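Q: Please find run-v6.pdb (PDB, C-alpha atoms) on the next line:
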```pdb
ATOM      1  CA  MET A   1     -49.021 -75.569 -30.771
ATOM      2  CA  SER A   2     -51.597 -72.776 -30.612
ATOM      3  CA  ASN A   3     -50.688 -69.327 -29.324
ATOM      4  CA  GLU A   4     -54.125 -68.785 -27.808
ATOM      5  CA  LEU A   5     -54.928 -68.538 -24.105
ATOM      6  CA  PRO A   6     -53.681 -71.592 -22.117
ATOM      7  CA  SER A   7     -56.334 -74.190 -21.324
ATOM      8  CA  LEU A   8     -54.999 -74.298 -17.756
ATOM      9  CA  SER A   9     -52.812 -71.945 -15.762
ATOM     10  CA  LEU A  10     -51.708 -72.484 -12.149
ATOM     11  CA  GLU A  11     -50.101 -69.518 -10.415
ATOM     12  CA  GLY A  12     -48.322 -69.986  -7.073
ATOM     13  CA  LEU A  13     -50.692 -72.758  -6.047
ATOM     14  CA  VAL A  14     -50.670 -73.897  -2.408
ATOM     15  CA  VAL A  15     -53.072 -76.599  -1.217
ATOM     16  CA  LYS A  16     -53.297 -77.917   2.334
ATOM     17  CA  ARG A  17     -55.185 -80.895   3.742
ATOM     18  CA  GLY A  18     -55.492 -81.610   7.438
ATOM     19  CA  GLY A  19     -53.134 -78.759   8.202
ATOM     20  CA  ARG A  20     -50.397 -80.270   6.030
ATOM     21  CA  THR A  21     -49.104 -78.605   2.865
ATOM     22  CA  ILE A  22     -49.624 -81.010  -0.033
ATOM     23  CA  ILE A  23     -48.996 -78.684  -2.988
ATOM     24  CA  ALA A  24     -46.438 -75.902  -2.422
ATOM     25  CA  LYS A  25     -46.140 -72.878  -4.725
ATOM     26  CA  LEU A  26     -46.834 -74.816  -7.900
ATOM     27  CA  GLY A  27     -46.871 -73.044 -11.236
ATOM     28  CA  LEU A  28     -48.015 -74.860 -14.358
ATOM     29  CA  SER A  29     -49.387 -73.942 -17.769
ATOM     30  CA  VAL A  30     -51.139 -76.370 -20.117
ATOM     31  CA  ALA A  31     -51.221 -75.005 -23.646
ATOM     32  CA  ALA A  32     -54.110 -75.366 -26.046
ATOM     33  CA  GLY A  33     -53.901 -78.783 -27.687
ATOM     34  CA  GLU A  34     -51.442 -80.172 -25.123
ATOM     35  CA  VAL A  35     -51.579 -83.342 -23.008
ATOM     36  CA  VAL A  36     -49.866 -83.230 -19.605
ATOM     37  CA  GLY A  37     -49.251 -86.316 -17.488
ATOM     38  CA  ILE A  38     -49.036 -85.884 -13.710
ATOM     39  CA  VAL A  39     -46.866 -88.556 -12.079
ATOM     40  CA  GLY A  40     -45.455 -89.245  -8.629
ATOM     41  CA  LYS A  41     -45.526 -91.700  -5.753
ATOM     42  CA  ASN A  42     -48.739 -92.590  -3.939
ATOM     43  CA  GLY A  43     -49.653 -89.817  -1.536
ATOM     44  CA  CYS A  44     -47.598 -87.159  -3.322
ATOM     45  CA  GLY A  45     -50.648 -85.010  -4.060
ATOM     46  CA  LYS A  46     -51.757 -85.938  -7.589
ATOM     47  CA  SER A  47     -55.426 -86.298  -6.656
ATOM     48  CA  THR A  48     -55.265 -83.236  -4.410
ATOM     49  CA  LEU A  49     -53.960 -81.174  -7.308
ATOM     50  CA  LEU A  50     -56.674 -82.377  -9.682
ATOM     51  CA  MET A  51     -59.380 -81.777  -7.067
ATOM     52  CA  ALA A  52     -58.220 -78.165  -6.740
ATOM     53  CA  ILE A  53     -58.219 -77.731 -10.518
ATOM     54  CA  ALA A  54     -61.739 -79.187 -10.716
ATOM     55  CA  GLY A  55     -63.077 -76.813  -8.064
ATOM     56  CA  VAL A  56     -63.588 -79.524  -5.440
ATOM     57  CA  LEU A  57     -60.829 -78.556  -2.979
ATOM     58  CA  ALA A  58     -60.057 -74.884  -2.374
ATOM     59  CA  PRO A  59     -56.407 -73.798  -2.493
ATOM     60  CA  THR A  60     -54.837 -71.848   0.365
ATOM     61  CA  GLU A  61     -52.971 -69.558  -2.016
ATOM     62  CA  GLY A  62     -52.651 -68.943  -5.729
ATOM     63  CA  ARG A  63     -54.942 -68.946  -8.746
ATOM     64  CA  ILE A  64     -56.297 -71.617 -11.067
ATOM     65  CA  LEU A  65     -57.487 -70.451 -14.481
ATOM     66  CA  ILE A  66     -59.298 -72.667 -16.985
ATOM     67  CA  ALA A  67     -59.458 -70.967 -20.378
ATOM     68  CA  GLY A  68     -58.886 -67.695 -18.538
ATOM     69  CA  ALA A  69     -61.734 -68.202 -16.028
ATOM     70  CA  ASN A  70     -60.795 -68.289 -12.320
ATOM     71  CA  VAL A  71     -61.936 -71.596 -10.807
ATOM     72  CA  TRP A  72     -62.154 -69.971  -7.372
ATOM     73  CA  GLY A  73     -63.161 -66.468  -8.489
ATOM     74  CA  THR A  74     -66.557 -64.770  -8.745
ATOM     75  CA  GLY A  75     -69.705 -66.758  -9.387
ATOM     76  CA  LYS A  76     -69.564 -65.891 -13.086
ATOM     77  CA  GLN A  77     -65.910 -66.959 -13.296
ATOM     78  CA  ARG A  78     -66.617 -70.228 -11.496
ATOM     79  CA  ARG A  79     -69.517 -71.083 -13.800
ATOM     80  CA  ALA A  80     -67.393 -70.355 -16.868
ATOM     81  CA  SER A  81     -64.550 -72.544 -15.607
ATOM     82  CA  ARG A  82     -66.879 -75.437 -14.851
ATOM     83  CA  ARG A  83     -68.501 -75.287 -18.293
ATOM     84  CA  ALA A  84     -65.006 -75.594 -19.770
ATOM     85  CA  LEU A  85     -64.112 -78.621 -17.610
ATOM     86  CA  GLY A  86     -64.606 -82.370 -17.940
ATOM     87  CA  TYR A  87     -63.483 -84.209 -14.774
ATOM     88  CA  VAL A  88     -63.226 -87.833 -13.707
ATOM     89  CA  PRO A  89     -62.017 -88.127 -10.078
ATOM     90  CA  GLU A  90     -59.988 -91.068  -8.823
ATOM     91  CA  ASN A  91     -62.971 -92.614  -7.071
ATOM     92  CA  ALA A  92     -65.728 -91.485  -9.421
ATOM     93  CA  ASP A  93     -69.014 -92.634  -7.889
ATOM     94  CA  PRO A  94     -72.127 -90.855  -9.215
ATOM     95  CA  PRO A  95     -75.477 -91.399  -7.447
ATOM     96  CA  GLY A  96     -76.222 -95.102  -7.699
ATOM     97  CA  PHE A  97     -79.861 -94.689  -8.699
ATOM     98  CA  LEU A  98     -78.971 -92.914 -11.946
ATOM     99  CA  LEU A  99     -79.019 -94.862 -15.191
ATOM    100  CA  GLY A 100     -76.074 -94.349 -17.505
ATOM    101  CA  GLY A 101     -78.245 -92.398 -19.925
ATOM    102  CA  GLU A 102     -79.544 -90.199 -17.122
ATOM    103  CA  LEU A 103     -75.995 -89.381 -16.007
ATOM    104  CA  TRP A 104     -75.030 -88.233 -19.512
ATOM    105  CA  ALA A 105     -78.270 -86.273 -19.960
ATOM    106  CA  MET A 106     -77.738 -84.487 -16.646
ATOM    107  CA  CYS A 107     -74.130 -83.592 -17.482
ATOM    108  CA  ALA A 108     -75.048 -82.498 -21.000
ATOM    109  CA  ALA A 109     -77.832 -80.251 -19.702
ATOM    110  CA  SER A 110     -75.534 -78.640 -17.131
ATOM    111  CA  ARG A 111     -73.083 -77.667 -19.906
ATOM    112  CA  GLY A 112     -75.645 -76.886 -22.569
ATOM    113  CA  VAL A 113     -74.215 -79.480 -24.955
ATOM    114  CA  ALA A 114     -75.388 -82.569 -26.816
ATOM    115  CA  GLY A 115     -75.213 -86.111 -25.481
ATOM    116  CA  PRO A 116     -72.481 -88.625 -26.319
ATOM    117  CA  SER A 117     -71.414 -88.703 -29.947
ATOM    118  CA  GLU A 118     -71.514 -91.921 -31.943
ATOM    119  CA  ALA A 119     -67.709 -92.137 -31.783
ATOM    120  CA  LEU A 120     -67.679 -91.702 -28.005
ATOM    121  CA  ARG A 121     -70.464 -94.240 -27.522
ATOM    122  CA  ALA A 122     -68.585 -96.793 -29.607
ATOM    123  CA  ALA A 123     -65.182 -96.178 -27.987
ATOM    124  CA  MET A 124     -66.439 -96.561 -24.402
ATOM    125  CA  GLY A 125     -69.281 -99.002 -25.128
ATOM    126  CA  LEU A 126     -71.835 -96.576 -23.727
ATOM    127  CA  ASP A 127     -74.923 -97.916 -25.478
ATOM    128  CA  GLU A 128     -74.874-101.066 -23.368
ATOM    129  CA  LEU A 129     -74.783 -98.904 -20.206
ATOM    130  CA  ARG A 130     -77.608 -96.517 -21.106
ATOM    131  CA  GLU A 131     -80.302 -98.431 -19.193
ATOM    132  CA  VAL A 132     -78.040 -99.763 -16.407
ATOM    133  CA  ALA A 133     -78.108 -98.164 -12.936
ATOM    134  CA  ILE A 134     -74.749 -96.887 -11.682
ATOM    135  CA  GLU A 135     -75.067 -99.078  -8.578
ATOM    136  CA  ARG A 136     -75.295-102.189 -10.773
ATOM    137  CA  MET A 137     -72.226-101.337 -12.850
ATOM    138  CA  SER A 138     -68.819-102.912 -12.329
ATOM    139  CA  LEU A 139     -65.805-100.688 -11.596
ATOM    140  CA  GLY A 140     -64.829-100.674 -15.256
ATOM    141  CA  GLN A 141     -68.368 -99.898 -16.404
ATOM    142  CA  ARG A 142     -68.644 -96.967 -13.968
ATOM    143  CA  ARG A 143     -65.313 -95.698 -15.241
ATOM    144  CA  ARG A 144     -66.504 -95.877 -18.832
ATOM    145  CA  ALA A 145     -69.762 -94.106 -17.948
ATOM    146  CA  CYS A 146     -67.887 -91.298 -16.169
ATOM    147  CA  ILE A 147     -65.347 -90.885 -18.971
ATOM    148  CA  GLY A 148     -68.294 -90.606 -21.354
ATOM    149  CA  ALA A 149     -69.812 -87.873 -19.179
ATOM    150  CA  ALA A 150     -66.520 -85.985 -18.868
ATOM    151  CA  LEU A 151     -66.007 -85.855 -22.640
ATOM    152  CA  LEU A 152     -69.416 -84.366 -23.455
ATOM    153  CA  GLY A 153     -69.156 -81.103 -25.281
ATOM    154  CA  PRO A 154     -66.234 -81.668 -25.617
ATOM    155  CA  PRO A 155     -64.717 -79.708 -22.695
ATOM    156  CA  LYS A 156     -61.908 -77.213 -23.132
ATOM    157  CA  LEU A 157     -59.927 -79.044 -20.431
ATOM    158  CA  LEU A 158     -60.236 -82.773 -19.725
ATOM    159  CA  VAL A 159     -59.013 -83.767 -16.241
ATOM    160  CA  LEU A 160     -58.616 -87.487 -15.584
ATOM    161  CA  ASP A 161     -57.445 -88.999 -12.293
ATOM    162  CA  GLU A 162     -56.282 -92.612 -12.709
ATOM    163  CA  PRO A 163     -58.646 -93.119 -15.679
ATOM    164  CA  ASP A 164     -57.250 -96.604 -16.298
ATOM    165  CA  ASN A 165     -58.785 -98.036 -13.096
ATOM    166  CA  GLY A 166     -60.963-100.995 -14.059
ATOM    167  CA  LEU A 167     -60.498-100.667 -17.830
ATOM    168  CA  ASP A 168     -59.477-103.672 -19.908
ATOM    169  CA  ALA A 169     -56.883-103.505 -22.697
ATOM    170  CA  LYS A 170     -59.499-102.771 -25.385
ATOM    171  CA  ARG A 171     -60.933 -99.800 -23.519
ATOM    172  CA  MET A 172     -57.468 -98.552 -22.555
ATOM    173  CA  THR A 173     -56.566 -98.387 -26.236
ATOM    174  CA  ALA A 174     -59.829 -96.594 -26.953
ATOM    175  CA  LEU A 175     -59.212 -94.154 -24.095
ATOM    176  CA  GLY A 176     -55.803 -93.232 -25.476
ATOM    177  CA  GLU A 177     -57.334 -92.591 -28.895
ATOM    178  CA  LEU A 178     -60.106 -90.472 -27.369
ATOM    179  CA  ILE A 179     -57.583 -88.292 -25.522
ATOM    180  CA  LEU A 180     -55.475 -87.839 -28.641
ATOM    181  CA  ASP A 181     -58.534 -86.999 -30.719
ATOM    182  CA  HIS A 182     -59.764 -84.596 -28.044
ATOM    183  CA  CYS A 183     -56.510 -82.650 -28.066
ATOM    184  CA  ALA A 184     -55.935 -82.826 -31.820
ATOM    185  CA  GLY A 185     -59.137 -80.985 -32.659
ATOM    186  CA  GLY A 186     -61.100 -84.019 -33.780
ATOM    187  CA  ALA A 187     -64.783 -84.685 -33.185
ATOM    188  CA  GLY A 188     -65.606 -80.969 -33.021
ATOM    189  CA  ALA A 189     -62.781 -80.119 -30.605
ATOM    190  CA  GLU A 190     -60.741 -76.970 -31.155
ATOM    191  CA  ASN A 191     -57.443 -76.773 -29.294
ATOM    192  CA  ASN A 192     -58.713 -78.680 -26.271
ATOM    193  CA  SER A 193     -56.257 -80.033 -23.707
ATOM    194  CA  ALA A 194     -55.982 -82.826 -21.160
ATOM    195  CA  ILE A 195     -54.262 -83.370 -17.836
ATOM    196  CA  VAL A 196     -53.964 -86.984 -16.753
ATOM    197  CA  ALA A 197     -52.738 -88.355 -13.415
ATOM    198  CA  THR A 198     -51.709 -91.989 -13.669
ATOM    199  CA  HIS A 199     -49.061 -94.578 -12.825
ATOM    200  CA  ASP A 200     -49.462 -96.048 -16.330
ATOM    201  CA  ARG A 201     -46.413 -94.771 -18.191
ATOM    202  CA  ASP A 202     -47.427 -96.702 -21.301
ATOM    203  CA  LEU A 203     -50.644 -94.691 -21.518
ATOM    204  CA  LEU A 204     -48.722 -91.426 -21.144
ATOM    205  CA  THR A 205     -46.342 -92.500 -23.915
ATOM    206  CA  ARG A 206     -49.216 -93.373 -26.254
ATOM    207  CA  ILE A 207     -50.880 -90.003 -25.752
ATOM    208  CA  ALA A 208     -47.562 -88.115 -26.117
ATOM    209  CA  ALA A 209     -47.976 -86.462 -22.724
ATOM    210  CA  ARG A 210     -45.563 -83.901 -21.323
ATOM    211  CA  ILE A 211     -44.594 -85.377 -17.958
ATOM    212  CA  VAL A 212     -44.847 -83.276 -14.796
ATOM    213  CA  GLU A 213     -43.648 -84.981 -11.616
ATOM    214  CA  ILE A 214     -44.846 -83.781  -8.222
TER     215      ILE A 214
END
```
Is it possible to express this structure as structure tokens?

A:
Amino acid sequence: MSNELPSLSLEGLVVKRGGRTIIAKLGLSVAAGEVVGIVGKNGCGKSTLLMAIAGVLAPTEGRILIAGANVWGTGKQRRASRRALGYVPENADPPGFLLGGELWAMCAASRGVAGPSEALRAAMGLDELREVAIERMSLGQRRRACIGAALLGPPKLLVLDEPDNGLDAKRMTALGELILDHCAGGAGAENNSAIVATHDRDLLTRIAARIVEI
């Protein structure tokens, strides 16, 4: 395991929704090259936690650092954290009018990186989705398109919320291999990390995830 700056650091994190405390004083560090699996019952706060990490839902207290950049800090810090992040929310639903290729081009431009690699295109079957509008994709196809977008770069921290939704066995196997490759320094990655929220314990076993229950 690398001794460099953690890919993710949560310090005294408190997140409330609708006046109710969902995440209470959570501390967590994800080391460079590590995979962490977030597990727990439905409604326990897995998606809430990942939304806060991704900069979608503001915490009430605490700090979230991605590669040392404060997700909820100054404008410069926020931009740095977002460039280091690849995120697939639980209900990923990009604008329906976008073609698959347009989604990847837009995400690549926002991060200043290249489009999907040949390995990523093959693993998630992206070539067949390049000219298909998001609104015409099935659940599994949208999931594959969004996973492809999240892995562009590749990001320092990959955040996946229920990534298995809609994926068949072939793509689930490919997803596990992509996560392992991402965190092992393959395909141009250097000490990248992943945090995955899922009920699929088999997936977490295959990707050798450190389990964190909330």

Q: Pick out the closest residue to Ala197 of chain A from this set: A:Leu49, A:Met106, A:Leu99, A:Ala58. Count all atoms listed in the file.

A: A:Leu49

Q: In terms of the shortest atom-to-atom distance over all atoms listed in the file, which of A:Ala80, A:Ile134, A:Ile214, A:Ala194 is closest to Leu151 of chain A?

A: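 Nearest candidate to Leu151 of chain A out of A:Ala80, A:Ile134, A:Ile214, A:Ala194: A:Ala194.
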
Q: Please report the interatomic distance between atom CA of Ile179 of chain A and atom CA of Val35 of chain A in Å with one decimal.

A: 8.2 Å

Q: Can you translate the PyMOL selection byres ((chain A and resi 7) around 12) into the concrete residues it hits in this file, as an MDAnalysis selection string?

A: chainID A and resid 2:6 8:10 28:36 53 64:70 81 84:85 155:159 183 190:195

Q: Selection in question (the file shown): the PyMOL selection byres ((chain A and resi 177) around 12). Which residues does it include, as a list of chain:residue names?

A: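 That selection, the PyMOL selection byres ((chain A and resi 177) around 12), comes back as A:Ala119, A:Leu120, A:Ala123, A:Met124, A:Lys170, A:Arg171, A:Met172, A:Thr173, A:Ala174, A:Leu175, A:Gly176, A:Leu178, A:Ile179, A:Leu180, A:Asp181, A:His182, A:Cys183, A:Ala184, A:Gly186, A:Ala187, A:Leu203, A:Leu204, A:Arg206, A:Ile207, A:Ala208.
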
Q: Name the residues captured by the PyMOL selection byres ((chain A and resi 142) around 9) when it is applied to the shown file; answer as a PyMOL selection string.

A: chain A and resi 92-94+100+129+134-135+137-141+143-147+166

Q: Check the smallest atom-to-atom distance from each of A:Arg136, A:Arg63, A:Arg83, A:Arg121 to Gly96 of chain A using only C-alpha atoms, then report the winner.

A: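 Among A:Arg136, A:Arg63, A:Arg83, A:Arg121, it is A:Arg136 that comes nearest to Gly96 of chain A.
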
Q: Atom CA of Glu213 of chain A and atom CA of Val88 of chain A are how many Å apart?

A: 19.9 Å

Q: By how many Å are atom CA of Arg82 of chain A and atom CA of Lys41 of chain A apart?

A: 28.3 Å

Q: Smallest atom-to-atom distance to Tyr87 of chain A: which of A:Asn42, A:Ser117, A:Ser47, A:Thr205, using only C-alpha atoms?

A: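 Under the stated criterion, the closest residue is A:Ser47.
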
Q: Have a look at A:Gln77, A:Glu131, A:Gly62, A:Asn91 and name the one nearest to Leu103 of chain A; count only C-alpha atoms.

A: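 Using only C-alpha atoms, the shortest distance to Leu103 of chain A belongs to A:Glu131.
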
Q: Determine the nearest neighbour of Ala108 of chain A from the options A:Gly153, A:Gly86, A:Pro95, A:Leu167, counting all atoms listed in the file.

A: A:Gly153

Q: Please, could N, CA, C and O atoms be added to segment 94-111 of chain A and the result written as a PDB file, keeping the file's coordinate frame?

A:
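Contents of part.pdb, as written:
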```
ATOM      1  N   PRO A  94     -70.881 -91.627  -9.112  1.00  0.00           N
ATOM      2  CA  PRO A  94     -72.127 -90.855  -9.215  1.00  0.00           C
ATOM      3  C   PRO A  94     -73.245 -91.521  -8.414  1.00  0.00           C
ATOM      4  O   PRO A  94     -73.131 -92.688  -8.014  1.00  0.00           O
ATOM      5  N   PRO A  95     -74.348 -90.799  -8.167  1.00  0.00           N
ATOM      6  CA  PRO A  95     -75.477 -91.399  -7.447  1.00  0.00           C
ATOM      7  C   PRO A  95     -75.901 -92.726  -8.058  1.00  0.00           C
ATOM      8  O   PRO A  95     -76.126 -92.826  -9.262  1.00  0.00           O
ATOM      9  N   GLY A  96     -75.993 -93.750  -7.210  1.00  0.00           N
ATOM     10  CA  GLY A  96     -76.222 -95.102  -7.699  1.00  0.00           C
ATOM     11  C   GLY A  96     -77.541 -95.319  -8.397  1.00  0.00           C
ATOM     12  O   GLY A  96     -77.662 -96.232  -9.225  1.00  0.00           O
ATOM     13  N   PHE A  97     -78.545 -94.483  -8.098  1.00  0.00           N
ATOM     14  CA  PHE A  97     -79.861 -94.689  -8.699  1.00  0.00           C
ATOM     15  C   PHE A  97     -79.932 -94.224 -10.145  1.00  0.00           C
ATOM     16  O   PHE A  97     -80.863 -94.580 -10.869  1.00  0.00           O
ATOM     17  N   LEU A  98     -78.948 -93.421 -10.574  1.00  0.00           N
ATOM     18  CA  LEU A  98     -78.971 -92.914 -11.946  1.00  0.00           C
ATOM     19  C   LEU A  98     -78.660 -94.019 -12.953  1.00  0.00           C
ATOM     20  O   LEU A  98     -77.775 -94.841 -12.733  1.00  0.00           O
ATOM     21  N   LEU A  99     -79.385 -94.017 -14.059  1.00  0.00           N
ATOM     22  CA  LEU A  99     -79.019 -94.862 -15.191  1.00  0.00           C
ATOM     23  C   LEU A  99     -77.887 -94.177 -15.951  1.00  0.00           C
ATOM     24  O   LEU A  99     -77.705 -92.963 -15.861  1.00  0.00           O
ATOM     25  N   GLY A 100     -77.144 -94.941 -16.721  1.00  0.00           N
ATOM     26  CA  GLY A 100     -76.074 -94.349 -17.505  1.00  0.00           C
ATOM     27  C   GLY A 100     -76.568 -93.200 -18.377  1.00  0.00           C
ATOM     28  O   GLY A 100     -75.972 -92.117 -18.416  1.00  0.00           O
ATOM     29  N   GLY A 101     -77.686 -93.425 -19.058  1.00  0.00           N
ATOM     30  CA  GLY A 101     -78.245 -92.398 -19.925  1.00  0.00           C
ATOM     31  C   GLY A 101     -78.668 -91.157 -19.167  1.00  0.00           C
ATOM     32  O   GLY A 101     -78.553 -90.035 -19.681  1.00  0.00           O
ATOM     33  N   GLU A 102     -79.143 -91.346 -17.943  1.00  0.00           N
ATOM     34  CA  GLU A 102     -79.544 -90.199 -17.122  1.00  0.00           C
ATOM     35  C   GLU A 102     -78.323 -89.389 -16.681  1.00  0.00           C
ATOM     36  O   GLU A 102     -78.376 -88.161 -16.613  1.00  0.00           O
ATOM     37  N   LEU A 103     -77.233 -90.074 -16.379  1.00  0.00           N
ATOM     38  CA  LEU A 103     -75.995 -89.381 -16.007  1.00  0.00           C
ATOM     39  C   LEU A 103     -75.530 -88.486 -17.149  1.00  0.00           C
ATOM     40  O   LEU A 103     -75.207 -87.313 -16.946  1.00  0.00           O
ATOM     41  N   TRP A 104     -75.506 -89.022 -18.375  1.00  0.00           N
ATOM     42  CA  TRP A 104     -75.030 -88.233 -19.512  1.00  0.00           C
ATOM     43  C   TRP A 104     -75.983 -87.083 -19.816  1.00  0.00           C
ATOM     44  O   TRP A 104     -75.542 -85.978 -20.143  1.00  0.00           O
ATOM     45  N   ALA A 105     -77.294 -87.334 -19.695  1.00  0.00           N
ATOM     46  CA  ALA A 105     -78.270 -86.273 -19.960  1.00  0.00           C
ATOM     47  C   ALA A 105     -78.119 -85.138 -18.947  1.00  0.00           C
ATOM     48  O   ALA A 105     -78.202 -83.958 -19.307  1.00  0.00           O
ATOM     49  N   MET A 106     -77.896 -85.490 -17.692  1.00  0.00           N
ATOM     50  CA  MET A 106     -77.738 -84.487 -16.646  1.00  0.00           C
ATOM     51  C   MET A 106     -76.485 -83.650 -16.889  1.00  0.00           C
ATOM     52  O   MET A 106     -76.521 -82.416 -16.791  1.00  0.00           O
ATOM     53  N   CYS A 107     -75.382 -84.313 -17.223  1.00  0.00           N
ATOM     54  CA  CYS A 107     -74.130 -83.592 -17.482  1.00  0.00           C
ATOM     55  C   CYS A 107     -74.238 -82.729 -18.733  1.00  0.00           C
ATOM     56  O   CYS A 107     -73.740 -81.599 -18.765  1.00  0.00           O
ATOM     57  N   ALA A 108     -74.887 -83.259 -19.761  1.00  0.00           N
ATOM     58  CA  ALA A 108     -75.048 -82.498 -21.000  1.00  0.00           C
ATOM     59  C   ALA A 108     -75.889 -81.255 -20.763  1.00  0.00           C
ATOM     60  O   ALA A 108     -75.567 -80.164 -21.260  1.00  0.00           O
ATOM     61  N   ALA A 109     -76.965 -81.393 -19.985  1.00  0.00           N
ATOM     62  CA  ALA A 109     -77.832 -80.251 -19.702  1.00  0.00           C
ATOM     63  C   ALA A 109     -77.096 -79.175 -18.906  1.00  0.00           C
ATOM     64  O   ALA A 109     -77.279 -77.981 -19.137  1.00  0.00           O
ATOM     65  N   SER A 110     -76.249 -79.615 -17.970  1.00  0.00           N
ATOM     66  CA  SER A 110     -75.534 -78.640 -17.131  1.00  0.00           C
ATOM     67  C   SER A 110     -74.536 -77.820 -17.942  1.00  0.00           C
ATOM     68  O   SER A 110     -74.202 -76.690 -17.572  1.00  0.00           O
ATOM     69  N   ARG A 111     -74.050 -78.367 -19.056  1.00  0.00           N
ATOM     70  CA  ARG A 111     -73.083 -77.667 -19.906  1.00  0.00           C
ATOM     71  C   ARG A 111     -73.712 -77.056 -21.148  1.00  0.00           C
ATOM     72  O   ARG A 111     -73.058 -76.336 -21.885  1.00  0.00           O
TER      73      ARG A 111
END
```
